[in-house]
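Visitor: Here you go, my_file16.cif (mmCIF, N, CA and C atoms):
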```
data_entry
loop_
_atom_site.label_atom_id
_atom_site.label_comp_id
_atom_site.auth_asym_id
_atom_site.auth_seq_id
_atom_site.Cartn_x
_atom_site.Cartn_y
_atom_site.Cartn_z
N MET A 1074 -0.32 25.82 -16.57
CA MET A 1074 -0.96 25.70 -15.28
C MET A 1074 -0.15 26.50 -14.27
N LYS A 1075 -0.81 27.30 -13.49
CA LYS A 1075 -0.14 28.08 -12.46
C LYS A 1075 0.20 27.17 -11.28
N ARG A 1076 1.45 27.21 -10.87
CA ARG A 1076 1.89 26.38 -9.75
C ARG A 1076 1.94 27.23 -8.48
N GLU A 1077 1.07 26.95 -7.56
CA GLU A 1077 1.00 27.70 -6.31
C GLU A 1077 1.51 26.83 -5.18
N PRO A 1078 1.95 27.45 -4.11
CA PRO A 1078 2.43 26.66 -2.96
C PRO A 1078 1.28 25.99 -2.23
N LEU A 1079 0.98 24.77 -2.61
CA LEU A 1079 -0.15 24.04 -2.03
C LEU A 1079 0.31 22.85 -1.20
N LEU A 1080 1.57 22.84 -0.81
CA LEU A 1080 2.10 21.69 -0.08
C LEU A 1080 1.37 21.48 1.24
N ASN A 1081 1.15 20.22 1.55
CA ASN A 1081 0.48 19.79 2.79
C ASN A 1081 -0.92 20.36 2.93
N ARG A 1082 -1.58 20.57 1.80
CA ARG A 1082 -2.96 21.03 1.80
C ARG A 1082 -3.81 20.08 1.00
N ARG A 1083 -5.06 19.94 1.41
CA ARG A 1083 -6.02 19.14 0.66
C ARG A 1083 -6.44 19.95 -0.55
N VAL A 1084 -6.43 19.31 -1.73
CA VAL A 1084 -6.71 19.98 -3.00
C VAL A 1084 -7.69 19.13 -3.79
N ILE A 1085 -8.55 19.80 -4.56
CA ILE A 1085 -9.46 19.13 -5.47
C ILE A 1085 -8.78 19.08 -6.84
N PHE A 1086 -8.65 17.88 -7.41
CA PHE A 1086 -8.04 17.68 -8.71
C PHE A 1086 -9.10 17.25 -9.71
N LYS A 1087 -9.03 17.79 -10.92
CA LYS A 1087 -9.86 17.32 -12.03
C LYS A 1087 -8.91 16.75 -13.06
N LEU A 1088 -8.95 15.43 -13.24
CA LEU A 1088 -8.14 14.77 -14.25
C LEU A 1088 -8.96 14.62 -15.52
N HIS A 1089 -8.31 14.58 -16.66
CA HIS A 1089 -8.99 14.43 -17.94
C HIS A 1089 -9.82 13.15 -17.93
N GLY A 1090 -11.11 13.28 -18.21
CA GLY A 1090 -12.01 12.14 -18.29
C GLY A 1090 -12.51 11.60 -16.97
N MET A 1091 -12.25 12.30 -15.86
CA MET A 1091 -12.69 11.83 -14.55
C MET A 1091 -13.43 12.93 -13.81
N ASP A 1092 -14.24 12.55 -12.83
CA ASP A 1092 -14.89 13.52 -11.95
C ASP A 1092 -13.83 14.10 -11.01
N PRO A 1093 -14.07 15.29 -10.43
CA PRO A 1093 -13.13 15.87 -9.47
C PRO A 1093 -12.92 14.95 -8.26
N LEU A 1094 -11.66 14.86 -7.83
CA LEU A 1094 -11.27 14.03 -6.70
C LEU A 1094 -10.35 14.83 -5.79
N ASP A 1095 -10.24 14.43 -4.52
CA ASP A 1095 -9.41 15.19 -3.60
C ASP A 1095 -8.22 14.37 -3.12
N SER A 1096 -7.18 15.08 -2.70
CA SER A 1096 -5.98 14.47 -2.14
C SER A 1096 -5.14 15.55 -1.48
N THR A 1097 -4.14 15.15 -0.71
CA THR A 1097 -3.20 16.08 -0.08
C THR A 1097 -1.90 16.08 -0.87
N ILE A 1098 -1.40 17.26 -1.21
CA ILE A 1098 -0.13 17.39 -1.92
C ILE A 1098 1.01 17.31 -0.91
N LEU A 1099 1.91 16.36 -1.11
CA LEU A 1099 3.07 16.21 -0.24
C LEU A 1099 4.24 17.04 -0.73
N LYS A 1100 4.55 16.93 -2.02
CA LYS A 1100 5.61 17.74 -2.61
C LYS A 1100 5.40 17.82 -4.11
N GLN A 1101 6.15 18.73 -4.73
CA GLN A 1101 6.03 19.00 -6.15
C GLN A 1101 7.42 18.98 -6.77
N ASP A 1102 7.53 18.47 -7.99
CA ASP A 1102 8.78 18.57 -8.72
C ASP A 1102 8.50 19.10 -10.12
N ALA A 1103 9.45 19.00 -11.02
CA ALA A 1103 9.32 19.61 -12.34
C ALA A 1103 8.21 19.00 -13.20
N THR A 1104 7.78 17.76 -12.93
CA THR A 1104 6.78 17.12 -13.79
C THR A 1104 5.47 16.78 -13.11
N GLY A 1105 5.37 16.98 -11.80
CA GLY A 1105 4.11 16.64 -11.15
C GLY A 1105 4.14 16.77 -9.65
N TYR A 1106 3.15 16.08 -9.02
CA TYR A 1106 2.96 16.14 -7.58
C TYR A 1106 3.04 14.74 -6.97
N TRP A 1107 3.60 14.66 -5.78
CA TRP A 1107 3.43 13.49 -4.92
C TRP A 1107 2.23 13.80 -4.05
N ILE A 1108 1.25 12.90 -4.06
CA ILE A 1108 0.02 13.12 -3.30
C ILE A 1108 -0.19 11.96 -2.33
N ARG A 1109 -1.02 12.22 -1.30
CA ARG A 1109 -1.34 11.17 -0.34
C ARG A 1109 -2.84 11.15 -0.07
N GLY A 1110 -3.40 9.96 -0.14
CA GLY A 1110 -4.76 9.72 0.30
C GLY A 1110 -5.85 10.39 -0.50
N GLY A 1111 -7.01 10.45 0.13
CA GLY A 1111 -8.18 11.04 -0.52
C GLY A 1111 -8.75 10.13 -1.59
N THR A 1112 -9.72 10.64 -2.29
CA THR A 1112 -10.36 9.84 -3.34
C THR A 1112 -9.48 9.69 -4.57
N LEU A 1113 -8.55 10.63 -4.78
CA LEU A 1113 -7.67 10.55 -5.95
C LEU A 1113 -6.68 9.40 -5.85
N ALA A 1114 -6.05 9.22 -4.70
CA ALA A 1114 -5.06 8.15 -4.55
C ALA A 1114 -5.67 6.78 -4.83
N LEU A 1115 -6.92 6.60 -4.46
CA LEU A 1115 -7.59 5.32 -4.71
C LEU A 1115 -7.76 5.05 -6.20
N GLN A 1116 -7.89 6.11 -7.01
CA GLN A 1116 -8.14 5.96 -8.44
C GLN A 1116 -6.86 5.79 -9.27
N LEU A 1117 -5.71 6.19 -8.72
CA LEU A 1117 -4.46 6.08 -9.47
C LEU A 1117 -3.90 4.67 -9.35
N GLU A 1118 -3.13 4.27 -10.34
CA GLU A 1118 -2.57 2.93 -10.36
C GLU A 1118 -1.63 2.70 -9.18
N PRO A 1119 -1.71 1.55 -8.53
CA PRO A 1119 -0.85 1.28 -7.37
C PRO A 1119 0.62 1.09 -7.72
N SER A 1120 0.95 0.97 -9.00
CA SER A 1120 2.33 0.71 -9.39
C SER A 1120 3.24 1.92 -9.26
N ASN A 1121 2.70 3.10 -8.97
CA ASN A 1121 3.56 4.28 -8.89
C ASN A 1121 3.85 4.71 -7.45
N CYS A 1122 3.94 3.77 -6.55
CA CYS A 1122 4.32 4.08 -5.17
C CYS A 1122 5.29 3.01 -4.69
N SER A 1123 5.93 3.25 -3.57
CA SER A 1123 6.97 2.35 -3.12
C SER A 1123 6.42 1.06 -2.50
N ARG A 1124 5.28 1.14 -1.83
CA ARG A 1124 4.70 -0.05 -1.19
C ARG A 1124 3.25 -0.20 -1.61
N PRO A 1125 2.82 -1.42 -1.88
CA PRO A 1125 1.42 -1.62 -2.31
C PRO A 1125 0.38 -1.11 -1.32
N GLU A 1126 0.67 -1.16 -0.02
CA GLU A 1126 -0.31 -0.72 0.97
C GLU A 1126 -0.27 0.79 1.21
N SER A 1127 0.66 1.49 0.58
CA SER A 1127 0.80 2.94 0.74
C SER A 1127 -0.28 3.66 -0.05
N ASP A 1128 -0.71 4.82 0.47
CA ASP A 1128 -1.66 5.64 -0.29
C ASP A 1128 -0.96 6.86 -0.88
N VAL A 1129 0.37 6.78 -1.05
CA VAL A 1129 1.15 7.83 -1.70
C VAL A 1129 1.28 7.50 -3.18
N ARG A 1130 1.00 8.48 -4.03
CA ARG A 1130 1.04 8.28 -5.47
C ARG A 1130 1.72 9.47 -6.13
N TYR A 1131 2.18 9.25 -7.38
CA TYR A 1131 2.76 10.33 -8.17
C TYR A 1131 1.78 10.70 -9.28
N LEU A 1132 1.56 11.98 -9.47
CA LEU A 1132 0.61 12.48 -10.45
C LEU A 1132 1.30 13.49 -11.36
N GLU A 1133 1.40 13.17 -12.65
CA GLU A 1133 2.05 14.08 -13.61
C GLU A 1133 1.12 15.24 -13.98
N PHE A 1134 1.73 16.41 -14.22
CA PHE A 1134 0.96 17.59 -14.61
C PHE A 1134 0.11 17.33 -15.84
N THR A 1135 0.59 16.51 -16.77
CA THR A 1135 -0.13 16.27 -18.02
C THR A 1135 -1.49 15.60 -17.81
N ARG A 1136 -1.69 14.96 -16.67
CA ARG A 1136 -2.97 14.30 -16.40
C ARG A 1136 -4.00 15.24 -15.79
N ILE A 1137 -3.56 16.43 -15.35
CA ILE A 1137 -4.43 17.34 -14.60
C ILE A 1137 -5.09 18.34 -15.54
N GLU A 1138 -6.42 18.42 -15.48
CA GLU A 1138 -7.17 19.42 -16.24
C GLU A 1138 -7.20 20.73 -15.45
N TRP A 1139 -7.51 20.65 -14.16
CA TRP A 1139 -7.44 21.79 -13.26
C TRP A 1139 -7.33 21.30 -11.83
N LEU A 1140 -6.92 22.21 -10.94
CA LEU A 1140 -6.92 21.90 -9.50
C LEU A 1140 -7.21 23.18 -8.74
N ARG A 1141 -7.75 23.01 -7.56
CA ARG A 1141 -8.03 24.17 -6.70
C ARG A 1141 -8.02 23.72 -5.26
N ALA A 1142 -7.65 24.64 -4.40
CA ALA A 1142 -7.70 24.39 -2.97
C ALA A 1142 -9.04 24.88 -2.44
N PRO A 1143 -9.66 24.12 -1.56
CA PRO A 1143 -10.91 24.60 -0.95
C PRO A 1143 -10.67 25.92 -0.22
N ARG A 1144 -11.67 26.75 -0.15
CA ARG A 1144 -11.55 28.03 0.54
C ARG A 1144 -11.29 27.81 2.01
N GLN A 1145 -10.42 28.66 2.56
CA GLN A 1145 -10.12 28.62 4.00
C GLN A 1145 -11.30 29.21 4.77
N ARG A 1146 -11.67 28.56 5.84
CA ARG A 1146 -12.74 29.10 6.69
C ARG A 1146 -12.17 30.15 7.61
N SER A 1147 -12.92 31.21 7.84
CA SER A 1147 -12.42 32.27 8.73
C SER A 1147 -13.07 32.22 10.08
#
```
Can the structure in the file be given as structure tokens, please?

Guide:
Amino acid sequence: MKREPLLNRRVIFKLHGMDPLDSTILKQDATGYWIRGGTLALQLEPSNCSRPESDVRYLEFTRIEWLRAPRQRS
């Protein structure tokens, strides 16, 4: 998977076995992304964040089928 600088941008994620969902990428490390909000955060297990009421989640690269950033409007 090509890793592009998508930090602090809303991105569409396609996870294996799920419909495409959106979220904002906060940061990236060697194994995945920290994401916030959107329809994707709601679908991920709440156990992978620091506080139950937080909408920040960790998403491993192995779960991602593809991702893309929406086109910028000119």

Visitor: Val1084 in chain A: which residues within 6.5 Å, counting all atoms listed in the file, same-chain residues fewer than 6 positions away excluded, as a PyMOL selection string?

Guide: chain A and resi 1094-1098+1140-1143

Visitor: What lies within 8 Å of Leu1117 in chain A using all atoms listed in the file, ignoring chain neighbours under 4 positions off, as a PDB file with N, CA and C atoms, keeping the file's coordinate frame?

Guide:
```
ATOM      1  N   THR A1112      -9.720  10.640  -2.290  1.00  0.00           N
ATOM      2  CA  THR A1112     -10.360   9.840  -3.340  1.00  0.00           C
ATOM      3  C   THR A1112      -9.480   9.690  -4.570  1.00  0.00           C
ATOM      4  N   LEU A1113      -8.550  10.630  -4.780  1.00  0.00           N
ATOM      5  CA  LEU A1113      -7.670  10.550  -5.950  1.00  0.00           C
ATOM      6  C   LEU A1113      -6.680   9.400  -5.850  1.00  0.00           C
ATOM      7  N   ASN A1121       2.700   3.100  -8.970  1.00  0.00           N
ATOM      8  CA  ASN A1121       3.560   4.280  -8.890  1.00  0.00           C
ATOM      9  C   ASN A1121       3.850   4.710  -7.450  1.00  0.00           C
ATOM     10  N   ARG A1130       1.000   8.480  -4.030  1.00  0.00           N
ATOM     11  CA  ARG A1130       1.040   8.280  -5.470  1.00  0.00           C
ATOM     12  C   ARG A1130       1.720   9.470  -6.130  1.00  0.00           C
ATOM     13  N   TYR A1131       2.180   9.250  -7.380  1.00  0.00           N
ATOM     14  CA  TYR A1131       2.760  10.330  -8.170  1.00  0.00           C
ATOM     15  C   TYR A1131       1.780  10.700  -9.280  1.00  0.00           C
TER      16      TYR A1131
END
```

Visitor: Using the chain letters and numbers from the file, give me the residues hit by the PyMOL selection byres (((chain A and resi 1110 and name CA) around 6) and name CA), as a ChimeraX atom specification.

Guide: /A:1096,1109,1111,1114,1128

Visitor: Can you translate the PyMOL selection byres ((chain A and resi 1080) around 6) into the concrete residues it hits in this file, as a PyMOL selection string?

Guide: chain A and resi 1077-1079+1081-1082+1098-1100

Visitor: Of the candidates A:Arg1136, A:Trp1107, A:Gln1116, A:Arg1144, which one gets nearest to Gly1090 in chain A if we count all atoms listed in the file?

Guide: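 Comparing A:Arg1136, A:Trp1107, A:Gln1116, A:Arg1144 against Gly1090 in chain A, the winner is A:Arg1136.
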
Visitor: Which one of A:Leu1115, A:Asp1092, A:Ile1108, A:Ala1103 sits closest to Phe1134 in chain A if you count all atoms listed in the file?

Guide: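 Counting all atoms listed in the file, the residue closest to Phe1134 in chain A is A:Ala1103.
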
Visitor: Which parts of range 1080-1133 of chain A does DSSP call strand (DSSP E) when run on the backbone here, written out as a PyMOL selection string?

Guide: chain A and resi 1083-1088+1094-1101+1105-1109+1129-1133

Visitor: Which residues fall under the PyMOL selection byres ((chain A and resi 1137) around 7) in this file, as a ChimeraX atom specification?

Guide: /A:1086-1089,1132-1136,1138-1140

Visitor: So which residues of chain A fall under alpha helix (DSSP H) by DSSP, listed as a list in words?

Guide: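 Checking each residue of chain A, the alpha helix (DSSP H) ones are Gly1111, Thr1112, Leu1113, Ala1114, Leu1115 and Gln1116 of chain A.
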
Visitor: Can you write just those residues out, N, CA and C atoms, as a PDB file, in the coordinates of the input?

Guide:
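Output saved as selection.pdb:
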```pdb
ATOM      1  N   GLY A1111      -7.010  10.450   0.130  1.00  0.00           N
ATOM      2  CA  GLY A1111      -8.180  11.040  -0.520  1.00  0.00           C
ATOM      3  C   GLY A1111      -8.750  10.130  -1.590  1.00  0.00           C
ATOM      4  N   THR A1112      -9.720  10.640  -2.290  1.00  0.00           N
ATOM      5  CA  THR A1112     -10.360   9.840  -3.340  1.00  0.00           C
ATOM      6  C   THR A1112      -9.480   9.690  -4.570  1.00  0.00           C
ATOM      7  N   LEU A1113      -8.550  10.630  -4.780  1.00  0.00           N
ATOM      8  CA  LEU A1113      -7.670  10.550  -5.950  1.00  0.00           C
ATOM      9  C   LEU A1113      -6.680   9.400  -5.850  1.00  0.00           C
ATOM     10  N   ALA A1114      -6.050   9.220  -4.700  1.00  0.00           N
ATOM     11  CA  ALA A1114      -5.060   8.150  -4.550  1.00  0.00           C
ATOM     12  C   ALA A1114      -5.670   6.780  -4.830  1.00  0.00           C
ATOM     13  N   LEU A1115      -6.920   6.600  -4.460  1.00  0.00           N
ATOM     14  CA  LEU A1115      -7.590   5.320  -4.710  1.00  0.00           C
ATOM     15  C   LEU A1115      -7.760   5.050  -6.200  1.00  0.00           C
ATOM     16  N   GLN A1116      -7.890   6.110  -7.010  1.00  0.00           N
ATOM     17  CA  GLN A1116      -8.140   5.960  -8.440  1.00  0.00           C
ATOM     18  C   GLN A1116      -6.860   5.790  -9.270  1.00  0.00           C
TER      19      GLN A1116
END
```

Visitor: Work out how far apart CA of Gly1105 in chain A and CA of Met1091 in chain A are and give it in Å to one decimal.

Guide: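 Going from CA of Gly1105 in chain A over to CA of Met1091 in chain A, I get 17.8 Å.
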